[in-house]
Structure formats: structure tokens, C-alpha cells
Amino acid sequence: MRLRNPFGRRPKEFPSHLWTQCPSCGEMLFNKQLARNLNVCTKCGHHFKLGAKERVEILADPRSFRETDADLSSTDPLGFVDSKPYPERIAAAQAKTGRRDAVITGDAALAGIPVVLAVMDFEFMGGSMGGVVGEKVTRAAERALAERKPLVIVAASGGARMQEGTIALMQMAKTIGAIARLDAAGIPFVTVLTDPTTGGVLASFASLGDIVLAEPGALIGFSGARVTSETIGEKLPTGFQRAEFLLEHGFVDQVVPRDQLKERIGFFLNAFRVAGQDLRWSL
Amino acid sequence: MSMIDRIVGGLRPPAPGSTAGNGHLAADAGLIVDASEMTARRTTPWMAVQTARNITRPHALEVIAGAFERFQELHGDRSFRDDPAIVGGIAELDGRPVVVVGQQKGASTEENIQRNFGMPHPEGYRKAIRLYRVAEKFHLPLVTLVDTPGAYPGPEGEERGQAESIASAIRALTTLATPIVVVVLGEGGSGGALALGVGDIVLALENSIYSVISPEGAAAILFRSATEAERAAQAMRLAAPDLLELGVVDALIPEPAGGAHTDHDATTRAIKTALVAQLDRLARVPVADLLSTRYERFRAFGTILEPPNEAPAPRRPWWARGSVRDLFLRMRI
């Protein structure tokens, strides 16, 4: 039996509440430092998920964000029960995130430009889109149209919320309808696809931005891995459904690192501004 | 009476407690507009799934051949290839030229392989968009026939932008300046179905289903096992009478006793009668009204709880708040 020398070097210990290991390069990152670097690995640039609140903070100008429709919450249109009833799942998600549903919407200034901003929250039931997400995104688009402000949506979602069945599916048509009106009115719409953006959210408003940006390495795709293997009996090759893959195939305009996102969106919105009509978009 | 009711002539069942609603227009076309009429004929959700998927059910081309005349198929998306899982073209419906687009399943395994089991690729949806535009440009009504397990979820679909093609198809329909009638023939599988499923009137055959994800897919996610599909189907409320109750479809087209597969001719006749009646009605509505009503129809989905905007209770003075108040109350005792 080997005896351990009690005075020798101990293996390094990384308490998990203080340290996070980068899944890409294996580097141990001090949590505080990681947060200060916008949840991007300081060594290799791996983009960790970023919470919705932090996302609003890095995109909106300081103290400019005014949240709207914060207290909309979901009903249970189907009376859905799987391993537990849907209202219990919502209550648990609300308790976990402190939010009523999976998207934050509001008015903000972005690089000095007044915008309507919507940020999806993956922490809330996988950012899934049910009636509330659909309603808030639609209201955001309708407000952008009424006030003639650009709409910026940061997507992070597993897709439509199964527990709301076809009502969730119909949110795809509902949100797209509002986006189409924005389009017809010549108002800019920018989407940012973050890790992950899949299913019914990618197959609706998230794909339809005038400008579609994505974060490095983000999982972006139509079918979830489990549904694909269930339907066609094979797994998608690795590297499929990544931001860079979509860029290569022409479905994303740019892959933009997190620290440059705000500046880049600001650049496009400025370019789309009509001369002489300060901060307004022409008909 | 809402705007939608005015335009479709009270096709939708009246809201509970209202006496508006005039079912006679729907009765003309032999449609079922009230789910309670269905209670006696309802099967279990899992049986509904099986019937909707029955390989011998009439599929799009057969319905087109039976309900329309002089169909000329149009092929290709002008960019990549012709997707055999989506068919479409110009036909006449009771003498009136229309554009018809549908998802095509096969009636045999061989045919199903050729049609990819009715699972379209992105180029299929882009072909559909092209045909939608033809309908709009030449002021022809559009009829879509929905029958798909879903958009093809494989690597080729991802490579060619499955999600983008579906989103674009939905966008094209939401703003298409011509009347649209949707008929769900069998299986309405998720976003891949919705890409053909946005219209002024959405009809469904009595034994069809429509769902956000296949019961197998839902089971794989919720119960981590595809064999729990039956349980998932139960929870999802995907059968046609449920969809009528939820307002996802406006009316059901009755099938022959035993199901559509037992009598193809009767089924296509019923579809034709329904389509002719609805297109007649929609033809009289100005296009601007169609578009705003279509917007409102889909805008209305999703019940949400919104607390009323109450003014916050006036703040008590410092001595009447919390611990100070408690102290006073205790002292009084």
C-alpha cells in the first residue's frame, strides 16, 4: 500500500463555486475573472452561455433599459402533464430565474440609438417559446413598428414549448406576422443567435433578421439531436449546427465575438439610418 | 362578433355564452364547427395518430386529382432541385383556376422512399414559396394540403437551411395578397407543416392530427424513450377535435365512417365541397381585409395571464410600518 506524504504537494483543488473548467481548452478559469470577461474564456475565447440579464447589460447603454411586459405569465392551455404538471414546471422555472417567462423585452438605447430589445433566457425552460414568449416578441415588434425603432432580438432557445402543443407552434406564425409588418415598413431588424438557437425559434423570427449575427461556437440548427437520431436513425456529424457552419453555408451574416457585438449592431443600425431623419426610419 | 367571424361568416363556433354565430354557412358545406358534435365519434389520441398516418389514406396528388380538374404540376425551386415531397401547380377548382401546393406521402414503401415519407427538404419549401408568389402575382386563390411527419431533420436539410426555408415560407404566407385555404389531410408535423399551414381558413379532415412535435419526438425528450409515444400523444391534444377546440383549425371535414382510407371518392368530394364554399366566401372579401384578418387570426393564439395595472397601495408613514407598528400593537395589549 502506498502511503501519501502528508507534507508533500497536494493536487490542486478547484472548488466548483469558484472555478470553471473551459470545455474547449481545459483551462481552469476563476469565476469572477470569467464574469468580468463576459463569460468568454480568457485563454481560448470559448463563449460560455451568458444570462439574459447580463446580456441586456452588455448590449444596452448604461441605465437606458426599461423593461416592458415583465409580468406576463403563462397559462396551461392543454392541461399538460408529463412527469409533472406544466404549471409546476413554470412555477419551478419562475422560482429559479426570478422571471415570469423565457424572454426579457424592453426599450433601450444601443450605442446611442433607441431600440426595442428582446433577450431570450435559456435558463427558463430552455428558452422555449410558448404563448408568453410569442406574445412578448410580437408586442416588441409591434412597438418597434409603432415607434419606428429598430428591433434587436437575442435568441437562445431550444424551440417551441412542447407543453403548450400547437398553441406554441402557432407562435411561430404569430411572431413572423409581426416581423413581416416591420419588414414592409422598412424598419431594421437584427437578430443575434447565441448558444443554443434551435427548432421553432430558429425556424421563425430568429432566421429572418435583415442582419443575422451569431456568437462563436454557438449551437444553431433546426432539429434537436434526439429528434434527428429518432427520425433518421443516425447522428449528425460533429461541427454541424455550429455558428461557423451556418456562416459557411450562407445562413448567418457574421460570427461576432461577444465583446464586439454591441459596436457591430450599432454600426449596422447607424448605416440603416435615413439621412436627415434623426433616429427614425422612413416609410 | 369579431372581424374573423364577420369574414368567414360565422364559421367559427360562437364564444361560450354568446348567441351570435350562424352555423348555417358551415352546415351548407357539411363541416363540423363544434367539437361537442364529435364526442360520440372520438377515438383515443393514439388511434387518431394511427389513422392520420394510415398509408392507404388519400394523399395530396390523389386529392388534387379527385377534387380539382386539369391539374398541371410545376416543378423545382429554380435554385437546387425538385423536391418530390412537395407537389404543386395550377389546377381548376369547380372551373376556377387556383394554385395548389401540398406535401406528398407515398402509398407504398417504395413510393414513400421516393417521396422521402413526405418530409420536405429546404428546396421543397422554396418551391412552395415560388408557387405562393405565382398565386399572388396572378390573383389566384391558394389551396395548401398539409400532410407531413415534419421537415426532414437530416444533415442535408441543415446544410441547405431547413429553418430559414420554413421561416421564409411562413412569412410569405402571412403577407400573401390572395385568399388562402389550408386543408390538413393527415399528419400536421410541426414547423414543417406550418410552412404550408398559414391561411385565411384552416380546415382539417376529421381524423387528422397537428402537433408541435411528433409524439415519438416528444416522448424521446420528455420521457427519454420513444416507446412512450402513446403517453405523449395523450398529453399533446393533437387530434382534430382538440385542434377545433383550441381554434388551431376553423372546421373539420367529416370523413366516411371507418375513415378516409375506406372511401377515397367520398373524402375528396367532401374536400371539394368545403373548398368551393370557402373560396366563394373569401373571393368576396377585399384583400386588405383578408390580410388584416389573417394577421389577427394568428395574433390571437396564446392565452396569457396579465395582472391588471393596479396603482400600488399608498405607503404607510414610518411609524405605522413593520416592526414599529408591531411594537405599538403589542404595547396596546
# chains A, B, ... in the order shown; residues from 1 in each chain; ligands from 1
$ residues_around --residues "stretch 146-158 of chain A" --least-positions-apart "4" --cutoff "8 Å" --atoms "only C-alpha atoms" --output "number ranges by chain"
A: 114-122, 126-129, 140-142, 187-201, 206, 224, 269, 279-281
$ closest_atom_pairs --of "chain B" --to "chain A" --cutoff "7 Å" --atoms "only C-alpha atoms" --output "tab-separated table"
residue	atom	partner	partner_atom	distance
B:Pro153	CA	A:Thr228	CA	5.5
B:Gly154	CA	A:Thr228	CA	6.4
B:Pro155	CA	A:Leu236	CA	6.1
B:Glu158	CA	A:Gly221	CA	6.6
B:Glu159	CA	A:His249	CA	6.4
B:Gly161	CA	A:Phe251	CA	6.7
B:Gln162	CA	A:Phe222	CA	6.4
B:Ala163	CA	A:Ala203	CA	4.0
B:Glu164	CA	A:Ser207	CA	5.4
B:Ile166	CA	A:Ala203	CA	5.8
B:Ala167	CA	A:Ser204	CA	4.5
B:Ile170	CA	A:Ala173	CA	6.4
B:Arg171	CA	A:Ile176	CA	5.9
B:Thr174	CA	A:Gly177	CA	5.7
B:Ser190	CA	A:Leu169	CA	6.7
B:Gly191	CA	A:Gly200	CA	6.5
B:Ser211	CA	A:Thr166	CA	5.3
B:Val212	CA	A:Thr166	CA	5.1
B:Gly217	CA	A:Val227	CA	5.4
B:Ala220	CA	A:Arg226	CA	6.8
B:Leu222	CA	A:Asp82	CA	6.9
B:Ala235	CA	A:Phe80	CA	5.6
B:Met236	CA	A:Gly165	CA	5.8
B:Arg237	CA	A:Leu78	CA	6.7
B:Tyr295	CA	A:Gly177	CA	6.3
B:Phe298	CA	A:Lys174	CA	5.1
B:Arg299	CA	A:Lys174	CA	5.0
B:Phe301	CA	A:Ile167	CA	6.2
B:Gly302	CA	A:Gly131	CA	4.2
B:Thr303	CA	A:Thr75	CA	6.2
B:Ile304	CA	A:Ser74	CA	5.0
B:Leu305	CA	A:Ser73	CA	5.1
B:Glu306	CA	A:Leu72	CA	4.9
B:Pro307	CA	A:Asp71	CA	7.0
$ write_last_selection --atoms "N, CA and C atoms" --output "CSV table (one decimal), in the first residue's frame"
chain,number,residue,atom,x,y,z
B,153,PRO,N,-35.2,16.0,-41.0
B,153,PRO,CA,-34.3,16.5,-40.0
B,153,PRO,C,-32.8,16.1,-40.2
B,154,GLY,N,-32.4,15.7,-41.4
B,154,GLY,CA,-31.1,15.2,-41.6
B,154,GLY,C,-30.1,16.2,-41.9
B,155,PRO,N,-28.8,15.8,-42.1
B,155,PRO,CA,-27.7,16.8,-42.4
B,155,PRO,C,-27.9,17.6,-43.6
B,158,GLU,N,-30.1,20.5,-42.8
B,158,GLU,CA,-29.4,21.6,-42.0
B,158,GLU,C,-28.4,22.4,-42.9
B,159,GLU,N,-27.7,21.7,-43.8
B,159,GLU,CA,-26.8,22.3,-44.7
B,159,GLU,C,-27.4,23.4,-45.6
B,161,GLY,N,-30.3,24.9,-45.0
B,161,GLY,CA,-31.1,25.9,-44.3
B,161,GLY,C,-32.6,25.6,-44.1
B,162,GLN,N,-32.8,24.4,-43.5
B,162,GLN,CA,-34.2,24.0,-43.2
B,162,GLN,C,-35.0,25.1,-42.5
B,163,ALA,N,-34.4,25.6,-41.4
B,163,ALA,CA,-35.1,26.5,-40.6
B,163,ALA,C,-35.4,27.8,-41.3
B,164,GLU,N,-34.4,28.3,-42.1
B,164,GLU,CA,-34.6,29.5,-42.8
B,164,GLU,C,-35.7,29.4,-43.9
B,166,ILE,N,-38.2,27.3,-43.8
B,166,ILE,CA,-39.6,27.3,-43.2
B,166,ILE,C,-40.0,28.7,-42.8
B,167,ALA,N,-39.1,29.4,-42.1
B,167,ALA,CA,-39.4,30.7,-41.7
B,167,ALA,C,-39.9,31.6,-42.8
B,170,ILE,N,-43.4,30.6,-44.1
B,170,ILE,CA,-44.4,31.2,-43.2
B,170,ILE,C,-44.6,32.7,-43.4
B,171,ARG,N,-43.4,33.4,-43.6
B,171,ARG,CA,-43.5,34.8,-43.8
B,171,ARG,C,-44.2,35.1,-45.1
B,174,THR,N,-48.0,34.7,-44.5
B,174,THR,CA,-48.6,35.7,-43.6
B,174,THR,C,-48.9,37.0,-44.4
B,190,SER,N,-45.5,19.8,-37.0
B,190,SER,CA,-44.6,20.9,-36.5
B,190,SER,C,-44.4,22.0,-37.6
B,191,GLY,N,-43.2,22.6,-37.5
B,191,GLY,CA,-42.9,23.8,-38.3
B,191,GLY,C,-42.9,23.4,-39.8
B,211,SER,N,-49.4,18.8,-34.6
B,211,SER,CA,-48.7,18.8,-33.4
B,211,SER,C,-47.4,19.6,-33.5
B,212,VAL,N,-46.9,20.1,-32.3
B,212,VAL,CA,-45.7,20.9,-32.3
B,212,VAL,C,-44.5,20.0,-32.5
B,217,GLY,N,-41.1,12.1,-31.0
B,217,GLY,CA,-40.1,13.1,-30.6
B,217,GLY,C,-40.4,13.6,-29.2
B,220,ALA,N,-39.3,11.1,-26.7
B,220,ALA,CA,-37.9,11.0,-26.6
B,220,ALA,C,-37.3,12.1,-25.7
B,222,LEU,N,-39.3,14.1,-23.4
B,222,LEU,CA,-40.0,14.2,-22.1
B,222,LEU,C,-39.7,12.9,-21.3
B,235,ALA,N,-51.1,13.5,-23.9
B,235,ALA,CA,-50.9,14.8,-23.3
B,235,ALA,C,-50.9,15.9,-24.3
B,236,MET,N,-50.7,15.6,-25.6
B,236,MET,CA,-50.4,16.7,-26.5
B,236,MET,C,-51.7,17.4,-27.1
B,237,ARG,N,-52.8,16.7,-27.0
B,237,ARG,CA,-54.1,17.2,-27.6
B,237,ARG,C,-53.9,17.5,-29.1
B,295,TYR,N,-53.7,38.2,-40.1
B,295,TYR,CA,-52.8,38.6,-39.0
B,295,TYR,C,-53.5,38.4,-37.6
B,298,PHE,N,-53.8,34.7,-36.3
B,298,PHE,CA,-52.7,34.1,-35.7
B,298,PHE,C,-52.2,34.9,-34.5
B,299,ARG,N,-52.4,36.2,-34.5
B,299,ARG,CA,-52.0,37.1,-33.4
B,299,ARG,C,-52.7,36.6,-32.1
B,301,PHE,N,-53.4,33.7,-30.9
B,301,PHE,CA,-53.1,32.4,-30.2
B,301,PHE,C,-52.2,32.7,-29.0
B,302,GLY,N,-52.5,32.0,-27.9
B,302,GLY,CA,-51.7,32.0,-26.7
B,302,GLY,C,-52.5,32.8,-25.6
B,303,THR,N,-52.9,32.0,-24.6
B,303,THR,CA,-53.6,32.7,-23.5
B,303,THR,C,-52.6,33.0,-22.5
B,304,ILE,N,-52.6,34.2,-22.0
B,304,ILE,CA,-51.6,34.6,-21.0
B,304,ILE,C,-52.2,35.3,-19.9
B,305,LEU,N,-51.6,35.3,-18.7
B,305,LEU,CA,-52.1,35.9,-17.5
B,305,LEU,C,-51.4,37.3,-17.5
B,306,GLU,N,-52.2,38.3,-17.5
B,306,GLU,CA,-51.6,39.7,-17.4
B,306,GLU,C,-52.3,40.4,-16.2
B,307,PRO,N,-51.5,40.6,-15.1
B,307,PRO,CA,-52.1,41.2,-14.0
B,307,PRO,C,-52.6,42.7,-14.3
$ residues_around --residues "B:Phe71" --least-positions-apart "6" --cutoff "10 Å" --atoms "only C-alpha atoms" --output "PDB file with C-alpha atoms, in the first residue's frame"
ATOM      1  CA  LEU B  61     -51.901  14.115 -55.509  1.00  0.00           C
ATOM      2  CA  ILE B  64     -55.831  17.032 -56.258  1.00  0.00           C
ATOM      3  CA  ALA B  65     -56.876  14.533 -58.916  1.00  0.00           C
ATOM      4  CA  GLY B  88     -47.819  21.846 -56.587  1.00  0.00           C
ATOM      5  CA  GLY B  89     -49.127  23.529 -59.644  1.00  0.00           C
ATOM      6  CA  ILE B  90     -52.090  25.129 -61.322  1.00  0.00           C
ATOM      7  CA  ALA B  91     -55.480  23.457 -61.360  1.00  0.00           C
ATOM      8  CA  GLU B  92     -59.133  24.345 -61.662  1.00  0.00           C
ATOM      9  CA  LEU B  93     -61.498  24.021 -58.755  1.00  0.00           C
ATOM     10  CA  PRO B  97     -58.125  28.464 -61.655  1.00  0.00           C
ATOM     11  CA  VAL B  98     -56.218  28.088 -58.397  1.00  0.00           C
ATOM     12  CA  VAL B  99     -52.695  27.345 -57.224  1.00  0.00           C
ATOM     13  CA  VAL B 100     -52.446  24.198 -55.144  1.00  0.00           C
TER      14      VAL B 100
END
$ residues_around --residues "stretch 34-49 of chain B" --least-positions-apart "3" --cutoff "10 Å" --atoms "only C-alpha atoms" --output "VMD selection string"
chain B and resid 11 to 14 23 31 52 to 54 186 to 187 206 to 210 214 to 215 229 to 246 250 to 252 254 257
$ atom_distance --atom1 "atom CA of A:Gln260" --atom2 "atom CA of A:Gly106"
21.7 Å
$ atom_distance --atom1 "atom CA of A:Lys32" --atom2 "atom CA of A:Gly98"
21.9 Å
$ atom_distance --atom1 "atom CA of B:Gly189" --atom2 "atom CA of A:Lys84"
24.7 Å
$ decode --residues "stretch 212-242 of chain A" --atoms "C-alpha atoms" --output "PDB file, in the first residue's frame"
ATOM      1  CA  VAL A 212     -28.312  37.774 -38.696  1.00  0.00           C
ATOM      2  CA  LEU A 213     -25.312  37.615 -36.373  1.00  0.00           C
ATOM      3  CA  ALA A 214     -24.107  34.627 -34.366  1.00  0.00           C
ATOM      4  CA  GLU A 215     -21.746  34.115 -31.459  1.00  0.00           C
ATOM      5  CA  PRO A 216     -18.650  31.933 -31.999  1.00  0.00           C
ATOM      6  CA  GLY A 217     -19.263  28.229 -31.484  1.00  0.00           C
ATOM      7  CA  ALA A 218     -22.993  28.616 -30.795  1.00  0.00           C
ATOM      8  CA  LEU A 219     -25.172  25.571 -31.487  1.00  0.00           C
ATOM      9  CA  ILE A 220     -27.628  26.670 -34.172  1.00  0.00           C
ATOM     10  CA  GLY A 221     -29.840  24.247 -36.054  1.00  0.00           C
ATOM     11  CA  PHE A 222     -33.303  23.080 -36.972  1.00  0.00           C
ATOM     12  CA  SER A 223     -33.511  19.620 -35.417  1.00  0.00           C
ATOM     13  CA  GLY A 224     -32.512  18.622 -31.942  1.00  0.00           C
ATOM     14  CA  ALA A 225     -30.026  15.770 -31.727  1.00  0.00           C
ATOM     15  CA  ARG A 226     -32.531  13.401 -30.121  1.00  0.00           C
ATOM     16  CA  VAL A 227     -35.216  14.051 -32.734  1.00  0.00           C
ATOM     17  CA  THR A 228     -32.727  13.543 -35.579  1.00  0.00           C
ATOM     18  CA  SER A 229     -31.451  10.226 -34.287  1.00  0.00           C
ATOM     19  CA  GLU A 230     -35.025   9.149 -33.540  1.00  0.00           C
ATOM     20  CA  THR A 231     -36.241  10.035 -37.060  1.00  0.00           C
ATOM     21  CA  ILE A 232     -33.392   9.101 -39.384  1.00  0.00           C
ATOM     22  CA  GLY A 233     -31.555   6.670 -37.137  1.00  0.00           C
ATOM     23  CA  GLU A 234     -28.231   8.445 -37.370  1.00  0.00           C
ATOM     24  CA  LYS A 235     -26.471  11.222 -35.546  1.00  0.00           C
ATOM     25  CA  LEU A 236     -25.431  14.471 -37.143  1.00  0.00           C
ATOM     26  CA  PRO A 237     -21.662  14.754 -37.628  1.00  0.00           C
ATOM     27  CA  THR A 238     -19.862  16.978 -35.133  1.00  0.00           C
ATOM     28  CA  GLY A 239     -19.385  20.563 -36.251  1.00  0.00           C
ATOM     29  CA  PHE A 240     -22.822  20.501 -37.871  1.00  0.00           C
ATOM     30  CA  GLN A 241     -25.128  23.116 -36.436  1.00  0.00           C
ATOM     31  CA  ARG A 242     -22.362  25.426 -35.247  1.00  0.00           C
TER      32      ARG A 242
END
